[in-house]
file query09.cif (mmCIF, C-alpha atoms)
data_query
#
loop_
_atom_site.label_atom_id
_atom_site.label_comp_id
_atom_site.auth_asym_id
_atom_site.auth_seq_id
_atom_site.Cartn_x
_atom_site.Cartn_y
_atom_site.Cartn_z
CA MET X 74 89.44 -220.07 -87.79
CA THR X 75 89.57 -222.34 -84.77
CA SER X 76 85.88 -221.80 -84.15
CA ILE X 77 85.07 -222.77 -87.74
CA PHE X 78 86.97 -226.04 -87.32
CA SER X 79 85.27 -226.71 -84.00
CA LEU X 80 81.90 -226.02 -85.66
CA VAL X 81 82.81 -228.49 -88.42
CA ALA X 82 83.60 -231.08 -85.75
CA ARG X 83 80.28 -230.40 -83.99
CA VAL X 84 78.37 -230.66 -87.27
CA LEU X 85 79.86 -234.12 -87.77
CA ARG X 86 79.76 -235.39 -84.19
CA ASP X 87 76.62 -233.87 -82.70
CA PRO X 88 74.52 -231.97 -85.26
CA ILE X 89 71.32 -232.04 -83.19
CA ALA X 90 73.01 -230.11 -80.40
CA ILE X 91 73.51 -227.27 -82.88
CA VAL X 92 69.88 -227.46 -84.04
CA ASP X 93 68.74 -227.32 -80.40
CA ARG X 94 70.12 -223.76 -80.24
CA SER X 95 67.54 -222.58 -82.79
CA GLU X 96 65.42 -220.81 -80.18
CA ASP X 97 68.28 -218.45 -79.32
CA PRO X 98 68.25 -215.62 -81.91
CA ASP X 99 71.86 -214.67 -81.15
CA ALA X 100 73.06 -218.21 -81.73
CA LEU X 101 71.05 -218.37 -84.95
CA GLN X 102 72.62 -215.14 -86.17
CA GLU X 103 76.09 -216.45 -85.36
CA LEU X 104 75.63 -219.97 -86.71
CA ALA X 105 73.73 -219.36 -89.97
CA PRO X 106 76.48 -217.58 -91.97
CA ARG X 107 79.15 -219.98 -90.73
CA LEU X 108 77.12 -223.05 -91.63
CA LEU X 109 76.34 -221.55 -95.01
CA GLY X 110 80.04 -220.83 -95.53
CA ILE X 111 81.00 -224.39 -94.60
CA ALA X 112 78.37 -225.72 -97.00
CA VAL X 113 79.61 -223.51 -99.85
CA VAL X 114 83.29 -224.36 -99.34
CA GLY X 115 82.63 -228.10 -98.97
CA CYS X 116 80.48 -228.14 -102.09
CA MET X 117 83.04 -226.16 -104.08
CA ILE X 118 85.74 -228.67 -103.20
CA PHE X 119 83.47 -231.51 -104.29
CA GLY X 120 82.52 -229.58 -107.42
CA THR X 121 86.18 -229.09 -108.32
CA VAL X 122 86.72 -232.84 -108.05
CA VAL X 123 83.71 -233.49 -110.28
CA GLY X 124 84.98 -230.91 -112.79
CA SER X 125 88.34 -232.71 -112.88
CA SER X 126 86.68 -235.43 -114.95
CA ARG X 127 87.05 -232.98 -117.87
CA GLY X 128 89.53 -230.41 -116.51
CA GLY X 129 90.11 -226.84 -117.71
CA ILE X 130 87.32 -224.32 -117.20
CA GLN X 131 84.94 -227.12 -116.16
CA LEU X 132 86.79 -227.19 -112.81
CA VAL X 133 85.51 -223.67 -112.12
CA TYR X 134 82.03 -224.21 -113.59
CA ALA X 135 81.36 -227.33 -111.52
CA ALA X 136 82.79 -225.73 -108.36
CA VAL X 137 80.52 -222.69 -108.72
CA LYS X 138 77.38 -224.70 -109.47
CA MET X 139 77.75 -227.40 -106.85
CA PRO X 140 76.64 -225.26 -103.83
CA LEU X 141 73.44 -224.40 -105.74
CA LEU X 142 72.73 -228.09 -106.15
CA LEU X 143 72.45 -228.28 -102.38
CA TRP X 144 70.88 -224.92 -101.62
CA ILE X 145 68.02 -224.78 -104.17
CA PRO X 146 66.40 -228.15 -103.30
CA VAL X 147 66.63 -227.47 -99.57
CA ALA X 148 65.00 -224.05 -100.00
CA LEU X 149 62.22 -225.61 -102.10
CA ALA X 150 61.60 -228.66 -99.94
CA LEU X 151 61.75 -227.19 -96.43
CA PRO X 152 58.31 -225.47 -96.61
CA ALA X 153 56.78 -228.76 -97.74
CA ALA X 154 58.63 -230.71 -95.06
CA ARG X 155 57.47 -228.35 -92.32
CA ALA X 156 53.87 -228.50 -93.58
CA LEU X 157 54.00 -232.29 -93.61
CA TRP X 158 55.37 -232.46 -90.06
CA MET X 159 52.76 -229.95 -88.89
CA ALA X 160 50.02 -232.05 -90.53
CA CYS X 161 51.28 -234.99 -88.49
CA GLU X 162 50.78 -232.89 -85.35
CA VAL X 163 54.47 -232.17 -84.79
CA GLU X 164 54.70 -228.47 -84.03
CA VAL X 165 58.05 -227.29 -85.30
CA PRO X 166 59.05 -223.61 -85.49
CA TRP X 167 60.53 -222.12 -88.68
CA SER X 168 63.80 -221.30 -86.92
CA ARG X 169 64.33 -224.97 -86.05
CA VAL X 170 63.48 -226.13 -89.57
CA ALA X 171 65.80 -223.55 -91.11
CA LEU X 172 68.70 -224.37 -88.80
CA ALA X 173 68.18 -228.10 -89.33
CA GLY X 174 68.34 -227.48 -93.07
CA LEU X 175 71.55 -225.47 -92.74
CA VAL X 176 73.20 -228.08 -90.51
CA ALA X 177 72.14 -230.81 -92.93
CA MET X 178 73.61 -228.87 -95.85
CA ALA X 179 76.86 -228.25 -94.01
CA ARG X 180 77.13 -231.91 -92.98
CA THR X 181 76.48 -233.11 -96.52
CA ALA X 182 79.04 -230.64 -97.91
CA ILE X 183 81.74 -231.70 -95.44
CA LEU X 184 81.16 -235.36 -96.22
CA ALA X 185 81.15 -234.56 -99.96
CA ALA X 186 84.49 -232.78 -99.66
CA ALA X 187 85.87 -235.74 -97.72
CA ALA X 188 84.58 -238.15 -100.36
CA GLY X 189 86.22 -236.04 -103.10
CA PRO X 190 89.49 -238.02 -103.26
CA VAL X 191 87.58 -241.28 -103.76
CA LEU X 192 85.67 -239.81 -106.68
CA TRP X 193 88.81 -238.18 -108.07
CA LEU X 194 90.60 -241.53 -107.96
CA TYR X 195 87.73 -243.12 -109.88
CA TYR X 196 87.64 -240.33 -112.47
CA SER X 197 91.42 -240.62 -112.91
CA LEU X 198 90.80 -244.10 -114.32
CA SER X 199 88.93 -242.42 -117.22
CA PRO X 200 85.56 -244.16 -116.92
CA GLY X 201 82.97 -243.52 -119.63
CA TYR X 202 80.80 -240.40 -119.55
CA HIS X 203 77.54 -242.12 -118.57
CA VAL X 204 79.22 -244.19 -115.85
CA SER X 205 80.85 -241.00 -114.53
CA VAL X 206 77.43 -239.33 -114.27
CA LEU X 207 76.01 -242.34 -112.43
CA ALA X 208 79.04 -242.36 -110.10
CA LEU X 209 78.39 -238.69 -109.29
CA ALA X 210 74.72 -239.45 -108.55
CA ALA X 211 75.72 -242.36 -106.30
CA ALA X 212 78.30 -240.23 -104.44
CA LEU X 213 75.73 -237.47 -103.88
CA ALA X 214 73.20 -239.99 -102.57
CA ALA X 215 75.80 -241.48 -100.23
CA VAL X 216 76.79 -238.14 -98.70
CA GLY X 217 73.25 -236.74 -98.78
CA LEU X 218 71.68 -239.44 -96.62
CA PRO X 219 73.56 -238.49 -93.40
CA GLY X 220 72.45 -234.90 -94.03
CA LEU X 221 68.83 -235.95 -94.40
CA GLY X 222 69.16 -237.91 -91.19
CA VAL X 223 69.88 -234.65 -89.36
CA VAL X 224 66.58 -233.12 -90.52
CA ALA X 225 64.69 -236.25 -89.49
CA ARG X 226 66.28 -236.39 -86.04
CA ALA X 227 65.87 -232.66 -85.49
CA MET X 228 62.09 -232.89 -85.51
CA PRO X 229 60.47 -232.78 -82.06
CA ALA X 230 59.06 -235.97 -80.53
CA GLY X 231 55.37 -236.87 -80.55
CA GLY X 232 52.78 -236.48 -83.28
CA LYS X 233 51.00 -239.08 -85.36
CA ARG X 234 52.15 -240.96 -88.48
CA ARG X 235 55.65 -239.50 -88.38
CA TRP X 236 56.72 -241.97 -91.07
CA LEU X 237 54.32 -240.27 -93.46
CA ALA X 238 55.89 -236.86 -92.90
CA MET X 239 59.36 -238.36 -93.25
CA ALA X 240 58.52 -240.26 -96.44
CA GLY X 241 56.78 -237.23 -97.95
CA SER X 242 59.70 -234.92 -97.12
CA LEU X 243 62.16 -237.39 -98.65
CA VAL X 244 60.15 -237.68 -101.84
CA VAL X 245 59.86 -233.89 -102.26
CA LEU X 246 63.55 -233.31 -101.51
CA GLY X 247 64.67 -236.17 -103.74
CA LEU X 248 62.62 -234.88 -106.67
CA CYS X 249 63.92 -231.33 -106.19
CA VAL X 250 67.56 -232.49 -105.97
CA ALA X 251 67.18 -234.56 -109.11
CA GLN X 252 65.57 -231.77 -111.16
CA THR X 253 68.02 -229.13 -109.86
CA GLY X 254 70.94 -231.34 -110.83
CA TRP X 255 69.41 -231.68 -114.28
CA LEU X 256 68.98 -227.90 -114.65
CA LEU X 257 72.52 -227.11 -113.50
CA ARG X 258 74.16 -229.69 -115.72
CA PRO X 259 76.77 -230.33 -116.98
CA PHE X 260 78.81 -231.22 -113.91
CA VAL X 261 80.54 -234.04 -115.74
CA ALA X 262 81.17 -232.67 -119.24
CA ARG X 263 80.97 -234.92 -122.27
CA PRO X 264 84.50 -235.72 -123.56
CA ALA X 265 83.76 -234.58 -127.10
CA GLY X 266 81.19 -231.92 -126.28
CA GLU X 267 81.61 -228.18 -125.91
CA VAL X 268 82.10 -227.02 -122.31
CA THR X 269 79.30 -224.68 -121.20
CA PHE X 270 78.27 -223.23 -117.85
CA LEU X 271 74.64 -224.30 -118.28
CA ARG X 272 72.89 -226.30 -120.97
CA PRO X 273 69.49 -225.21 -122.38
CA ILE X 274 66.44 -226.15 -120.30
CA GLU X 275 64.90 -229.19 -121.98
CA GLU X 276 62.82 -232.20 -120.93
CA ASP X 277 63.33 -233.33 -117.33
CA VAL X 278 65.66 -235.42 -115.22
CA PHE X 279 63.68 -238.65 -115.45
CA SER X 280 63.65 -238.88 -119.23
CA SER X 281 67.39 -238.21 -119.17
CA LEU X 282 68.10 -240.78 -116.45
CA GLY X 283 66.33 -243.44 -118.51
CA ALA X 284 68.41 -242.54 -121.56
CA THR X 285 71.65 -242.43 -119.53
CA THR X 286 70.96 -245.81 -117.94
CA ARG X 287 70.24 -247.35 -121.34
CA SER X 288 73.43 -245.84 -122.77
CA ALA X 289 75.48 -247.02 -119.77
CA VAL X 290 74.47 -250.62 -120.49
CA GLY X 291 75.14 -250.18 -124.20
CA ASP X 292 71.53 -250.01 -125.37
CA TYR X 293 71.35 -247.36 -128.09
CA SER X 294 68.16 -248.69 -129.71
CA GLN X 295 66.02 -245.73 -128.58
CA GLU X 296 67.15 -242.27 -129.56
CA TRP X 297 66.55 -239.56 -126.94
CA GLU X 298 65.00 -236.46 -128.44
CA PRO X 299 64.40 -233.77 -125.81
CA GLU X 300 61.11 -231.87 -126.07
CA THR X 301 60.40 -228.34 -124.94
CA ARG X 302 58.16 -228.24 -121.87
CA GLY X 303 57.56 -226.07 -118.79
CA MET X 304 57.12 -222.34 -118.28
CA LEU X 305 60.75 -221.26 -118.71
CA GLN X 306 61.34 -223.66 -121.59
CA GLN X 307 58.33 -222.19 -123.42
CA ARG X 308 59.67 -218.68 -122.87
CA GLY X 309 63.11 -219.74 -124.07
CA GLY X 310 61.71 -221.46 -127.14
CA ARG X 311 59.97 -218.35 -128.44
CA MET H 1311 73.10 -241.03 -81.31
CA GLU H 1312 69.66 -240.41 -79.82
CA HIS H 1313 68.74 -237.02 -78.44
CA ALA H 1314 65.91 -236.08 -76.14
CA VAL H 1315 64.27 -233.27 -78.09
CA PRO H 1316 61.62 -231.43 -76.11
CA ALA H 1317 58.22 -232.80 -77.05
CA VAL H 1318 55.96 -230.08 -78.35
CA ALA H 1319 53.01 -232.16 -79.51
CA LEU H 1320 52.38 -235.28 -77.46
CA ALA H 1321 49.13 -237.24 -77.14
CA PRO H 1322 46.34 -234.68 -76.92
CA ALA H 1323 45.01 -233.81 -73.51
CA PRO H 1324 41.18 -233.62 -73.13
CA ALA H 1325 41.17 -229.85 -73.67
CA GLU H 1326 43.24 -230.29 -76.85
CA GLU H 1327 40.84 -233.01 -78.02
CA ASP H 1328 37.95 -230.56 -77.63
CA ALA H 1329 39.89 -227.96 -79.59
CA ALA H 1330 40.57 -230.51 -82.34
CA ARG H 1331 36.80 -231.04 -82.73
CA ALA H 1332 35.80 -227.37 -82.63
CA LEU H 1333 35.34 -225.69 -85.99
CA PRO H 1334 38.57 -223.98 -87.12
CA ASP H 1335 38.62 -220.20 -87.43
CA ALA H 1336 38.10 -218.41 -90.75
CA ALA H 1337 41.81 -217.60 -91.15
CA THR H 1338 42.77 -221.28 -90.91
CA VAL H 1339 40.10 -222.29 -93.42
CA GLY H 1340 41.12 -219.41 -95.69
CA ARG H 1341 44.76 -220.52 -95.59
CA ALA H 1342 43.73 -224.06 -96.57
CA VAL H 1343 41.63 -222.79 -99.49
CA LEU H 1344 44.53 -220.55 -100.52
CA GLY H 1345 46.87 -223.54 -100.35
CA PHE H 1346 44.76 -225.64 -102.72
CA GLY H 1347 44.16 -222.65 -105.00
CA LEU H 1348 47.87 -221.81 -105.22
CA LEU H 1349 48.82 -225.44 -105.77
CA GLY H 1350 46.54 -225.53 -108.82
CA LEU H 1351 47.87 -222.18 -110.02
CA CYS H 1352 51.50 -223.34 -109.72
CA ALA H 1353 50.76 -226.44 -111.79
CA ALA H 1354 48.73 -224.44 -114.33
CA LEU H 1355 51.63 -222.04 -114.93
CA GLY H 1356 53.59 -224.89 -116.49
CA SER H 1357 50.81 -225.79 -118.88
CA ALA H 1358 51.53 -225.39 -122.59
CA ASP H 1359 48.19 -223.79 -123.51
CA ILE H 1360 45.33 -221.81 -121.99
CA ALA H 1361 42.87 -224.69 -122.30
CA GLY H 1362 45.14 -226.99 -120.31
CA ALA H 1363 45.86 -224.33 -117.73
CA SER H 1364 42.16 -223.58 -117.22
CA ARG H 1365 41.57 -227.25 -116.45
CA ILE H 1366 44.50 -227.59 -114.09
CA LEU H 1367 43.99 -224.29 -112.23
CA PRO H 1368 40.93 -225.30 -110.18
CA ALA H 1369 41.85 -229.00 -109.98
CA ALA H 1370 43.28 -229.10 -106.46
CA LEU H 1371 40.52 -227.04 -104.89
CA VAL H 1372 37.68 -228.71 -106.78
CA VAL H 1373 38.90 -232.25 -106.13
CA ASP H 1374 39.62 -231.86 -102.42
CA LEU H 1375 36.99 -229.37 -101.32
CA GLY H 1376 34.43 -230.75 -103.78
CA ALA H 1377 34.83 -234.31 -102.55
CA LEU H 1378 34.53 -233.19 -98.94
CA VAL H 1379 31.49 -231.00 -99.53
CA LEU H 1380 29.74 -233.70 -101.58
CA THR H 1381 30.37 -236.58 -99.19
CA GLY H 1382 30.52 -234.88 -95.77
CA PRO H 1383 26.71 -234.69 -95.45
CA ALA H 1384 26.46 -238.41 -96.30
CA LEU H 1385 28.78 -239.19 -93.40
CA LEU H 1386 26.73 -237.10 -91.00
CA VAL H 1387 23.46 -238.66 -92.19
CA GLY H 1388 24.91 -242.17 -91.91
CA HIS H 1389 26.16 -241.35 -88.44
CA GLN H 1390 22.70 -240.32 -87.28
CA TYR H 1391 21.03 -243.24 -89.07
CA LEU H 1392 23.24 -245.74 -87.24
CA GLY H 1393 22.31 -244.13 -83.92
CA LEU H 1394 25.86 -243.18 -82.97
CA ASP H 1395 26.50 -240.71 -80.17
CA ALA H 1396 29.20 -238.20 -81.19
CA PRO H 1397 27.77 -234.68 -81.55
CA VAL H 1398 27.41 -233.63 -85.17
CA PRO H 1399 29.36 -230.34 -84.66
CA SER H 1400 32.35 -232.31 -83.38
CA LEU H 1401 32.28 -234.53 -86.49
CA ALA H 1402 32.07 -231.46 -88.71
CA GLY H 1403 34.98 -229.99 -86.72
CA VAL H 1404 37.12 -233.09 -87.32
CA LEU H 1405 36.40 -232.94 -91.07
CA ALA H 1406 37.16 -229.22 -91.18
CA HIS H 1407 40.47 -229.70 -89.33
CA ALA H 1408 41.46 -232.52 -91.69
CA PHE H 1409 40.73 -230.23 -94.66
CA CYS H 1410 42.73 -227.38 -93.08
CA ARG H 1411 45.75 -229.60 -92.43
CA ALA H 1412 45.59 -230.88 -96.00
CA GLY H 1413 45.41 -227.30 -97.25
CA ALA H 1414 48.47 -226.35 -95.19
CA VAL H 1415 50.40 -229.22 -96.79
CA ALA H 1416 49.25 -228.03 -100.22
CA LEU H 1417 50.55 -224.54 -99.41
CA GLY H 1418 53.91 -225.99 -98.35
CA LEU H 1419 54.19 -227.93 -101.62
CA CYS H 1420 53.66 -224.80 -103.77
CA PRO H 1421 57.34 -223.71 -104.06
CA ALA H 1422 58.43 -227.16 -105.21
CA LEU H 1423 55.57 -227.48 -107.69
CA LEU H 1424 56.22 -224.00 -109.08
CA PHE H 1425 59.85 -225.01 -109.60
CA PHE H 1426 58.80 -228.06 -111.61
CA ALA H 1427 56.20 -226.03 -113.54
CA ALA H 1428 58.91 -223.55 -114.50
CA THR H 1429 61.58 -226.05 -115.49
CA SER H 1430 59.84 -229.18 -116.77
CA GLY H 1431 56.61 -230.67 -118.03
CA LEU H 1432 56.21 -232.72 -114.86
CA ALA H 1433 53.90 -230.28 -112.99
CA PRO H 1434 50.53 -231.88 -113.94
CA GLY H 1435 51.78 -235.33 -112.98
CA LEU H 1436 53.25 -234.03 -109.75
CA LEU H 1437 49.98 -232.23 -109.00
CA VAL H 1438 48.13 -235.56 -109.27
CA LEU H 1439 50.79 -237.20 -107.08
CA SER H 1440 50.55 -234.38 -104.53
CA LEU H 1441 46.75 -234.56 -104.42
CA ALA H 1442 46.88 -238.31 -103.92
CA GLY H 1443 49.32 -237.92 -101.03
CA ILE H 1444 47.38 -235.05 -99.49
CA ALA H 1445 44.13 -237.01 -99.80
CA PHE H 1446 45.70 -240.06 -98.14
CA MET H 1447 46.99 -237.91 -95.31
CA GLY H 1448 43.69 -236.04 -94.90
CA LEU H 1449 41.55 -239.16 -94.97
CA SER H 1450 43.70 -241.04 -92.47
CA ASP H 1451 43.63 -237.93 -90.28
CA ALA H 1452 39.83 -237.84 -90.50
CA PHE H 1453 39.59 -241.58 -89.78
CA THR H 1454 41.52 -241.20 -86.52
CA GLY H 1455 39.67 -238.04 -85.48
CA LEU H 1456 36.17 -239.33 -86.25
CA ARG H 1457 36.78 -242.56 -84.36
CA ALA H 1458 38.17 -240.67 -81.39
CA ALA H 1459 35.13 -238.35 -81.39
CA GLU H 1460 32.75 -241.30 -81.30
CA VAL H 1461 34.68 -243.20 -78.64
CA ALA H 1462 34.79 -240.12 -76.42
CA ALA H 1463 31.00 -239.61 -76.62
CA GLY H 1464 28.07 -241.49 -75.10
CA ASP H 1465 27.86 -244.48 -72.79
CA PRO H 1466 31.21 -246.22 -72.14
CA LYS H 1467 29.41 -249.61 -71.99
CA SER H 1468 28.46 -249.41 -75.67
CA ARG H 1469 31.86 -248.07 -76.74
CA VAL H 1470 33.07 -251.23 -78.51
CA VAL H 1471 29.92 -251.60 -80.61
CA ARG H 1472 29.83 -247.90 -81.45
CA ASP H 1473 33.52 -247.91 -82.38
CA ALA H 1474 33.00 -250.88 -84.71
CA LYS H 1475 30.00 -249.18 -86.36
CA MET H 1476 31.92 -245.93 -86.66
CA GLN H 1477 34.90 -247.65 -88.29
CA LEU H 1478 32.65 -249.27 -90.88
CA LEU H 1479 30.90 -245.97 -91.54
CA VAL H 1480 34.13 -243.99 -91.86
CA VAL H 1481 35.80 -246.57 -94.10
CA GLY H 1482 32.74 -246.49 -96.37
CA TRP H 1483 32.83 -242.69 -96.37
CA MET H 1484 36.56 -242.67 -97.18
CA VAL H 1485 36.01 -244.97 -100.17
CA LEU H 1486 33.12 -242.77 -101.35
CA THR H 1487 35.19 -239.60 -100.93
CA ALA H 1488 38.13 -241.09 -102.85
CA LEU H 1489 35.82 -242.18 -105.69
CA VAL H 1490 34.06 -238.79 -105.84
CA GLY H 1491 37.47 -237.05 -105.85
CA LEU H 1492 38.65 -239.30 -108.68
CA ARG H 1493 35.47 -238.63 -110.65
CA LEU H 1494 35.92 -234.87 -110.25
CA GLY H 1495 39.55 -235.20 -111.28
CA PHE H 1496 38.67 -237.21 -114.39
CA HIS H 1497 35.97 -234.68 -115.26
CA LEU H 1498 38.50 -231.83 -115.07
CA ALA H 1499 40.94 -233.84 -117.16
CA GLY H 1500 38.23 -234.17 -119.83
CA MET H 1501 37.95 -237.95 -119.44
#
call {"tool": "encode", "arguments": {"input": "query09.cif", "output": "structure tokens"}}
result
Amino acid sequence: MTSIFSLVARVLRDPIAIVDRSEDPDALQELAPRLLGIAVVGCMIFGTVVGSSRGGIQLVYAAVKMPLLLWIPVALALPAARALWMACEVEVPWSRVALAGLVAMARTAILAAAAGPVLWLYYSLSPGYHVSVLALAAALAAVGLPGLGVVARAMPAGGKRRWLAMAGSLVVLGLCVAQTGWLLRPFVARPAGEVTFLRPIEEDVFSSLGATTRSAVGDYSQEWEPETRGMLQQRGGR
Amino acid sequence: MEHAVPAVALAPAPAEEDAARALPDAATVGRAVLGFGLLGLCAALGSADIAGASRILPAALVVDLGALVLTGPALLVGHQYLGLDAPVPSLAGVLAHAFCRAGAVALGLCPALLFFAATSGLAPGLLVLSLAGIAFMGLSDAFTGLRAAEVAAGDPKSRVVRDAKMQLLVVGWMVLTALVGLRLGFHLAGM
């Protein structure tokens, strides 16, 4: 237990020192499950807070889904990030990329858990549904940036056009986080709506964000009608 | 907090520069072709109909490889016409390495694109965005490599003039390549 707490402290204080141990297979074997565990627990705490906006079974649903919101985008974006860094002549081994991703996830999850009371306090004031969703997105962005910083700083020195690799990685990760969040919704359940674990796959995150933003500012002039698109949506529609 | 991470890829030493201008091996080229092929396949899987999928499937490979194959000879001819000194095989090597790096990036983007193809209708748009980014990266890579190849060759006294000529030539070639790539893309899109 003590070692878990000391690992949490190291993840917050000196994450790159942990990533630097990526070349030692024993260290990797020891660190990976612990970091994953920290990430899962931190995310579940944050998810519980988000679920408290509705209460009841939504507490469990949001807590279970929140770790996936972190894990799926990282798994999708890391191959692209490594390819981009390699294209910029920064040779980075898979073990280092994977450990950097794990440390980043753990750091984000710890910060998310720590930010939980702030979000809970806000939700206790009963803000509207759309504002609650935007608050969740803002909180995730705020705790996600320090995690992303770990991946950026973990890359070896040298290479050319590093900014390009960094910008490309950020874009890919950002898009994947946004779409994963959309697929795993609802985290913040609608007050009058039925509570479900997952909603049907429809449209994409950007069409929804536009509609949510318009609704948040009281513009209901355009009705949002989700269309069926994408491979899984076509399968589901048949 | 800054950390001194061991540098793996610093400024290339002369031997590394030679390696960067040698033609890449078949496996590296094959991986790049596979990357572009798979990128198109991932985007095509999200298409609503067969006709759309058949257009999207070859898009990445045709646009990137097609533009390079169609305009690469023009660059080499222009290079010889202007009397520049870099050996033609080294220029071909730089172009091939730029293509291979671009293909590796395409391969890395496949999981993310497949995810979007499976869960949204964004895959074709993201394919266009990916190809634009990959092309920018590949062309800027080629610009640097081609200039370096010319500067490293021939008489040092004429280096400044040759570098200026090479920059003009490469910029012209980059514009031509981008336009040919766009034309191929529009053709595949049925425009």
call {"tool": "residues_around", "arguments": {"input": "query09.cif", "residues": "range 1472-1488 of chain H", "least_positions_apart": "4", "cutoff": "9 Å", "atoms": "all atoms listed in the file", "output": "JSON, numbers by chain"}}
result
{"H": [1377, 1378, 1380, 1381, 1382, 1384, 1385, 1388, 1389, 1392, 1393, 1394, 1395, 1445, 1446, 1449, 1450, 1452, 1453, 1456, 1457, 1458, 1460, 1461, 1468, 1492, 1493]}
call {"tool": "resolve_selection", "arguments": {"input": "query09.cif", "expression": "the PyMOL selection byres ((chain X and resi 217-227) around 6)", "output": "mmCIF file with C-alpha atoms, in the coordinates of the input"}}
result
data_model
loop_
_atom_site.group_PDB
_atom_site.id
_atom_site.type_symbol
_atom_site.label_atom_id
_atom_site.label_comp_id
_atom_site.auth_asym_id
_atom_site.auth_seq_id
_atom_site.Cartn_x
_atom_site.Cartn_y
_atom_site.Cartn_z
ATOM 1 C CA ILE X 89 71.320 -232.040 -83.190
ATOM 2 C CA ALA X 173 68.180 -228.100 -89.330
ATOM 3 C CA ALA X 177 72.140 -230.810 -92.930
ATOM 4 C CA ARG X 180 77.130 -231.910 -92.980
ATOM 5 C CA THR X 181 76.480 -233.110 -96.520
ATOM 6 C CA LEU X 213 75.730 -237.470 -103.880
ATOM 7 C CA ALA X 214 73.200 -239.990 -102.570
ATOM 8 C CA ALA X 215 75.800 -241.480 -100.230
ATOM 9 C CA VAL X 216 76.790 -238.140 -98.700
ATOM 10 C CA MET X 228 62.090 -232.890 -85.510
#
call {"tool": "residues_around", "arguments": {"input": "query09.cif", "residues": "Ala1354 in chain H", "least_positions_apart": "4", "cutoff": "8 Å", "atoms": "all atoms listed in the file", "output": "list in words"}}
result
Gly1350, Gly1362, Ala1363, Ser1364, Arg1365, Ile1366, Leu1367, Ala1427, Ala1433 and Pro1434 of chain H
call {"tool": "residues_around", "arguments": {"input": "query09.cif", "residues": "Ala1370 in chain H", "least_positions_apart": "5", "cutoff": "7 Å", "atoms": "all atoms listed in the file", "output": "list in words"}}
result
Phe1346, Gly1347, Leu1349, Gly1350 and Leu1441 of chain H
call {"tool": "resolve_selection", "arguments": {"input": "query09.cif", "expression": "the PyMOL selection byres ((chain X) within 9 of (chain H))", "output": "short mmCIF file (atom, residue, chain, number, x, y, z; two decimals) with C-alpha atoms, in the coordinates of the input"}}
result
data_model
loop_
_atom_site.label_atom_id
_atom_site.label_comp_id
_atom_site.auth_asym_id
_atom_site.auth_seq_id
_atom_site.Cartn_x
_atom_site.Cartn_y
_atom_site.Cartn_z
CA ASP X 87 76.62 -233.87 -82.70
CA ILE X 89 71.32 -232.04 -83.19
CA ALA X 90 73.01 -230.11 -80.40
CA ASP X 93 68.74 -227.32 -80.40
CA PRO X 146 66.40 -228.15 -103.30
CA ALA X 148 65.00 -224.05 -100.00
CA LEU X 149 62.22 -225.61 -102.10
CA ALA X 150 61.60 -228.66 -99.94
CA LEU X 151 61.75 -227.19 -96.43
CA PRO X 152 58.31 -225.47 -96.61
CA ALA X 153 56.78 -228.76 -97.74
CA ALA X 154 58.63 -230.71 -95.06
CA ARG X 155 57.47 -228.35 -92.32
CA ALA X 156 53.87 -228.50 -93.58
CA LEU X 157 54.00 -232.29 -93.61
CA TRP X 158 55.37 -232.46 -90.06
CA MET X 159 52.76 -229.95 -88.89
CA ALA X 160 50.02 -232.05 -90.53
CA CYS X 161 51.28 -234.99 -88.49
CA GLU X 162 50.78 -232.89 -85.35
CA VAL X 163 54.47 -232.17 -84.79
CA GLU X 164 54.70 -228.47 -84.03
CA VAL X 165 58.05 -227.29 -85.30
CA ARG X 226 66.28 -236.39 -86.04
CA ALA X 227 65.87 -232.66 -85.49
CA MET X 228 62.09 -232.89 -85.51
CA PRO X 229 60.47 -232.78 -82.06
CA ALA X 230 59.06 -235.97 -80.53
CA GLY X 231 55.37 -236.87 -80.55
CA GLY X 232 52.78 -236.48 -83.28
CA LYS X 233 51.00 -239.08 -85.36
CA LEU X 237 54.32 -240.27 -93.46
CA GLY X 241 56.78 -237.23 -97.95
CA VAL X 245 59.86 -233.89 -102.26
CA LEU X 246 63.55 -233.31 -101.51
CA LEU X 248 62.62 -234.88 -106.67
CA CYS X 249 63.92 -231.33 -106.19
CA GLN X 252 65.57 -231.77 -111.16
CA LEU X 256 68.98 -227.90 -114.65
CA ILE X 274 66.44 -226.15 -120.30
CA GLU X 275 64.90 -229.19 -121.98
CA GLU X 276 62.82 -232.20 -120.93
CA ASP X 277 63.33 -233.33 -117.33
CA VAL X 278 65.66 -235.42 -115.22
CA THR X 301 60.40 -228.34 -124.94
CA ARG X 302 58.16 -228.24 -121.87
CA GLY X 303 57.56 -226.07 -118.79
CA MET X 304 57.12 -222.34 -118.28
CA LEU X 305 60.75 -221.26 -118.71
CA GLN X 306 61.34 -223.66 -121.59
CA GLN X 307 58.33 -222.19 -123.42
#
call {"tool": "closest_residue", "arguments": {"input": "query09.cif", "among": "H:Asp1359, H:Phe1409, H:Asp1374, H:Val1490", "to": "Thr1338 in chain H", "atoms": "only C-alpha atoms"}}
result
H:Phe1409
call {"tool": "atom_distance", "arguments": {"input": "query09.cif", "atom1": "CA of Ser197 in chain X", "atom2": "CA of Ala185 in chain X"}}
result
17.6 Å
call {"tool": "residues_around", "arguments": {"input": "query09.cif", "residues": "Arg127 in chain X", "least_positions_apart": "5", "cutoff": "7 Å", "atoms": "all atoms listed in the file", "output": "PyMOL selection string"}}
result
chain X and resi 261-262+264
